[in-house]
>>> print(open('run-v4.cif').read())   # mmCIF, C-alpha atoms and all ligand atoms
data_entry
#
loop_
_atom_site.label_atom_id
_atom_site.label_comp_id
_atom_site.auth_asym_id
_atom_site.auth_seq_id
_atom_site.Cartn_x
_atom_site.Cartn_y
_atom_site.Cartn_z
CA MET A 1 128.69 18.08 79.19
CA SER A 2 126.80 19.92 81.92
CA ILE A 3 126.86 23.73 82.04
CA LYS A 4 128.65 23.44 85.39
CA ASP A 5 131.41 21.25 83.93
CA LEU A 6 131.72 23.58 80.92
CA ALA A 7 132.11 26.59 83.23
CA LYS A 8 134.80 24.72 85.17
CA THR A 9 136.66 23.84 81.95
CA ILE A 10 136.52 27.51 80.92
CA ALA A 11 137.79 28.66 84.34
CA ASP A 12 140.64 26.15 84.13
CA ARG A 13 141.79 27.71 80.83
CA ALA A 14 142.47 31.11 82.44
CA GLY A 15 146.13 31.98 82.16
CA THR A 16 146.95 29.09 79.84
CA ASP A 17 148.59 29.47 76.42
CA PRO A 18 146.21 31.29 73.99
CA SER A 19 147.92 29.61 71.04
CA GLU A 20 146.77 26.22 72.32
CA SER A 21 143.22 27.02 73.42
CA TRP A 22 140.38 29.01 71.84
CA THR A 23 139.02 29.58 75.34
CA ALA A 24 142.33 30.95 76.62
CA LYS A 25 142.52 33.22 73.57
CA LEU A 26 139.08 34.71 74.27
CA LEU A 27 139.74 35.03 78.01
CA ALA A 28 142.83 37.08 77.16
CA ASP A 29 140.78 39.34 74.86
CA PRO A 30 137.42 40.25 76.53
CA ASP A 31 136.30 42.42 73.61
CA LYS A 32 136.83 39.50 71.21
CA ALA A 33 134.87 37.25 73.60
CA ALA A 34 131.98 39.74 73.55
CA GLU A 35 132.11 39.98 69.75
CA LYS A 36 131.98 36.19 69.40
CA PHE A 37 129.04 35.98 71.81
CA GLY A 38 127.18 38.55 69.71
CA GLU A 39 127.88 36.64 66.50
CA GLU A 40 126.71 33.35 67.98
CA ALA A 41 123.56 34.95 69.40
CA VAL A 42 122.64 36.32 65.97
CA GLU A 43 123.28 32.90 64.39
CA ALA A 44 120.98 31.31 66.98
CA ILE A 45 118.25 33.87 66.23
CA ILE A 46 118.52 33.09 62.52
CA GLU A 47 118.16 29.35 63.11
CA ALA A 48 115.25 29.93 65.50
CA THR A 49 113.39 31.95 62.89
CA LYS A 50 114.09 29.28 60.28
CA GLY A 51 112.67 26.65 62.62
CA ASP A 52 115.58 24.22 62.18
CA LYS A 53 115.72 22.41 65.53
CA THR A 54 119.06 20.66 64.93
CA ARG A 55 120.83 23.83 63.77
CA LEU A 56 119.26 25.83 66.63
CA THR A 57 120.54 23.26 69.14
CA SER A 58 124.06 23.61 67.73
CA GLU A 59 123.93 27.41 67.77
CA ALA A 60 122.44 27.42 71.28
CA ALA A 61 125.44 25.40 72.48
CA ASP A 62 127.74 27.98 70.83
CA VAL A 63 125.81 30.78 72.55
CA MET A 64 126.04 29.15 75.98
CA TYR A 65 129.75 28.45 75.62
CA HIS A 66 130.56 31.98 74.40
CA LEU A 67 128.31 33.59 77.05
CA LEU A 68 130.20 31.76 79.79
CA VAL A 69 133.56 32.71 78.26
CA MET A 70 132.55 36.39 77.92
CA CYS A 71 131.38 36.45 81.54
CA ALA A 72 134.52 34.63 82.76
CA ALA A 73 136.65 37.19 80.91
CA HIS A 74 135.08 39.79 83.22
CA GLY A 75 135.27 37.68 86.39
CA VAL A 76 131.57 36.78 86.35
CA THR A 77 131.12 33.10 87.26
CA LEU A 78 128.32 30.61 86.67
CA ALA A 79 127.72 30.74 90.45
CA ASP A 80 127.22 34.52 90.17
CA ILE A 81 124.64 34.02 87.41
CA GLU A 82 122.88 31.24 89.35
CA ALA A 83 122.73 33.48 92.43
CA GLU A 84 121.16 36.24 90.33
CA LEU A 85 118.62 33.80 88.93
CA ALA A 86 117.85 32.55 92.46
CA ASN A 87 117.12 36.14 93.49
CA ARG A 88 114.43 36.25 90.86
CA THR A 89 112.55 33.09 91.82
CA HIS A 90 110.23 35.07 94.11
CA GLN A 91 109.23 37.31 91.24
CA SER A 92 106.06 36.57 89.40
CA GLY A 93 106.54 38.62 86.25
CA LEU A 94 102.92 38.86 85.13
CA ALA A 95 101.50 39.58 88.59
CA GLU A 96 104.18 42.19 89.21
CA LYS A 97 103.57 43.97 85.91
CA ALA A 98 99.78 43.88 86.40
CA SER A 99 100.14 45.64 89.75
CA ARG A 100 102.09 48.56 88.25
N1 LIG B 1 132.17 24.42 73.65
C1 LIG B 1 133.20 24.82 73.10
C2 LIG B 1 133.15 25.54 71.84
N2 LIG B 1 132.10 25.88 71.05
C3 LIG B 1 132.64 26.53 69.99
N3 LIG B 1 133.99 26.58 70.11
C4 LIG B 1 134.98 27.18 69.21
O1 LIG B 1 134.62 28.49 68.89
C5 LIG B 1 135.35 28.86 67.73
C6 LIG B 1 134.56 29.86 66.94
O2 LIG B 1 133.32 29.31 66.61
P1 LIG B 1 132.70 29.59 65.21
O3 LIG B 1 131.35 28.98 65.18
O4 LIG B 1 132.81 31.04 64.89
O5 LIG B 1 133.70 28.77 64.31
P2 LIG B 1 133.76 28.76 62.79
O6 LIG B 1 134.79 27.73 62.46
O7 LIG B 1 134.00 30.15 62.31
O8 LIG B 1 132.32 28.21 62.37
P3 LIG B 1 131.14 28.96 61.61
O9 LIG B 1 130.82 30.25 62.32
O10 LIG B 1 131.65 29.19 60.21
O11 LIG B 1 129.99 27.98 61.68
C7 LIG B 1 135.69 27.58 66.97
O12 LIG B 1 137.10 27.43 66.97
C8 LIG B 1 135.03 26.50 67.83
O13 LIG B 1 135.85 25.34 67.93
C9 LIG B 1 134.34 25.99 71.26
N4 LIG B 1 135.55 25.80 71.85
C10 LIG B 1 135.60 25.15 73.03
N5 LIG B 1 134.47 24.65 73.67
C11 LIG B 1 134.60 23.93 74.96
O14 LIG B 1 135.74 24.41 75.66
C12 LIG B 1 136.60 23.33 75.94
C13 LIG B 1 138.03 23.81 75.92
O15 LIG B 1 138.37 24.18 74.61
P4 LIG B 1 139.81 24.78 74.26
O16 LIG B 1 139.88 26.10 74.90
O17 LIG B 1 139.87 24.89 72.78
O18 LIG B 1 140.83 23.84 74.84
C14 LIG B 1 136.30 22.27 74.90
O19 LIG B 1 136.64 20.99 75.34
C15 LIG B 1 134.80 22.43 74.76
O20 LIG B 1 134.15 21.75 75.82
#
>>> encode(input="run-v4.cif", output="structure tokens")
Amino acid sequence: MSIKDLAKTIADRAGTDPSESWTAKLLADPDKAAEKFGEEAVEAIIEATKGDKTRLTSEAADVMYHLLVMCAAHGVTLADIEAELANRTHQSGLAEKASR
């Protein structure tokens, strides 16, 4: 599934029955969504340091999903994040830091 399709699926879960959808449950509880994102991020770090590519791929998918849910719980959309990233394309990190 593309990130865009995943974000749409997450947005579609807003306001639906939390007892029938993990996504709806997290959207209804932003602090829980943030906690889950933190857990998944730590799990991804652990797999990255172990060097297990398959496990890292799985944890990275968990991180992306929970990041999008946490953001959606606060009204931040994938389009918002993409716009922020687009604002940064002019920045050349190394050149900018060297000039400081
Ligand atoms: N990508 C995901 C996704 N990734 C993880 N999860 C759920 O996140 C929950 C918590 O993850 P955990 O890893 O903590 O689960 P766990 O069983 O404790 O596993 P471990 O930590 O022990 O490894 C589990 O219930 C997973 O099923 C997800 N739930 C939903 N999605 C996507 O969201 C869509 C809508 O899902 P629903 O909201 O459930 O309809 C799905 O079709 C998927 O595309």
>>> atom_distance(input="run-v4.cif", atom1="atom O16 of ligand LIG 1 (chain B)", atom2="CA of Gly38 in chain A")
18.5 Å
>>> closest_residue(input="run-v4.cif", among="A:Ala41, A:Leu68, A:Ile81, A:Val76", to="Thr9 in chain A", atoms="only C-alpha atoms")
A:Leu68
>>> residues_near_ligand(input="run-v4.cif", ligand="ligand LIG 1 (chain B)", cutoff="6 Å", atoms="only C-alpha atoms and all ligand atoms", output="list in words")
Leu6, Ser21, Trp22, Thr23, Ala24, Asp62 and Tyr65 of chain A
>>> axis_aligned_box(input="run-v4.cif", around="range 33-46 of chain A", padding_each_side="3 Å", output="JSON")
{"center_x": 126.6, "center_y": 35.6, "center_z": 68.1, "size_x": 22.6, "size_y": 14.7, "size_z": 17.1}
>>> closest_residue(input="run-v4.cif", among="A:Ala7, A:Leu67, A:Ala61, A:Ala73", to="Lys25 in chain A", atoms="only C-alpha atoms")
A:Ala73
>>> residues_around(input="run-v4.cif", residues="Leu78 in chain A", least_positions_apart="5", cutoff="9 Å", atoms="only C-alpha atoms", output="MDAnalysis selection string")
chainID A and resid 3:4 7:8 68 71:72 83
>>> write_last_selection(input="run-v4.cif", atoms="C-alpha atoms", output="mmCIF file, in the coordinates of the input")
data_model
loop_
_atom_site.group_PDB
_atom_site.id
_atom_site.type_symbol
_atom_site.label_atom_id
_atom_site.label_comp_id
_atom_site.auth_asym_id
_atom_site.auth_seq_id
_atom_site.Cartn_x
_atom_site.Cartn_y
_atom_site.Cartn_z
ATOM 1 C CA ILE A 3 126.860 23.730 82.040
ATOM 2 C CA LYS A 4 128.650 23.440 85.390
ATOM 3 C CA ALA A 7 132.110 26.590 83.230
ATOM 4 C CA LYS A 8 134.800 24.720 85.170
ATOM 5 C CA LEU A 68 130.200 31.760 79.790
ATOM 6 C CA CYS A 71 131.380 36.450 81.540
ATOM 7 C CA ALA A 72 134.520 34.630 82.760
ATOM 8 C CA ALA A 83 122.730 33.480 92.430
#
>>> atom_distance(input="run-v4.cif", atom1="CA of Asp80 in chain A", atom2="CA of Met64 in chain A")
15.2 Å
>>> atom_distance(input="run-v4.cif", atom1="CA of Glu82 in chain A", atom2="CA of Asp52 in chain A")
29.0 Å
>>> residues_around(input="run-v4.cif", residues="Val63 in chain A", least_positions_apart="3", cutoff="10 Å", atoms="only C-alpha atoms", output="number ranges by chain")
A: 36-44, 57-60, 66-69
>>> closest_residue(input="run-v4.cif", among="A:Gly75, A:Thr89, A:Thr49, A:Glu84", to="Ile10 in chain A", atoms="all atoms listed in the file")
A:Gly75
>>> closest_residue(input="run-v4.cif", among="A:Ala86, A:Ile46, A:Leu27, A:Leu56", to="His74 in chain A", atoms="all atoms listed in the file")
A:Leu27
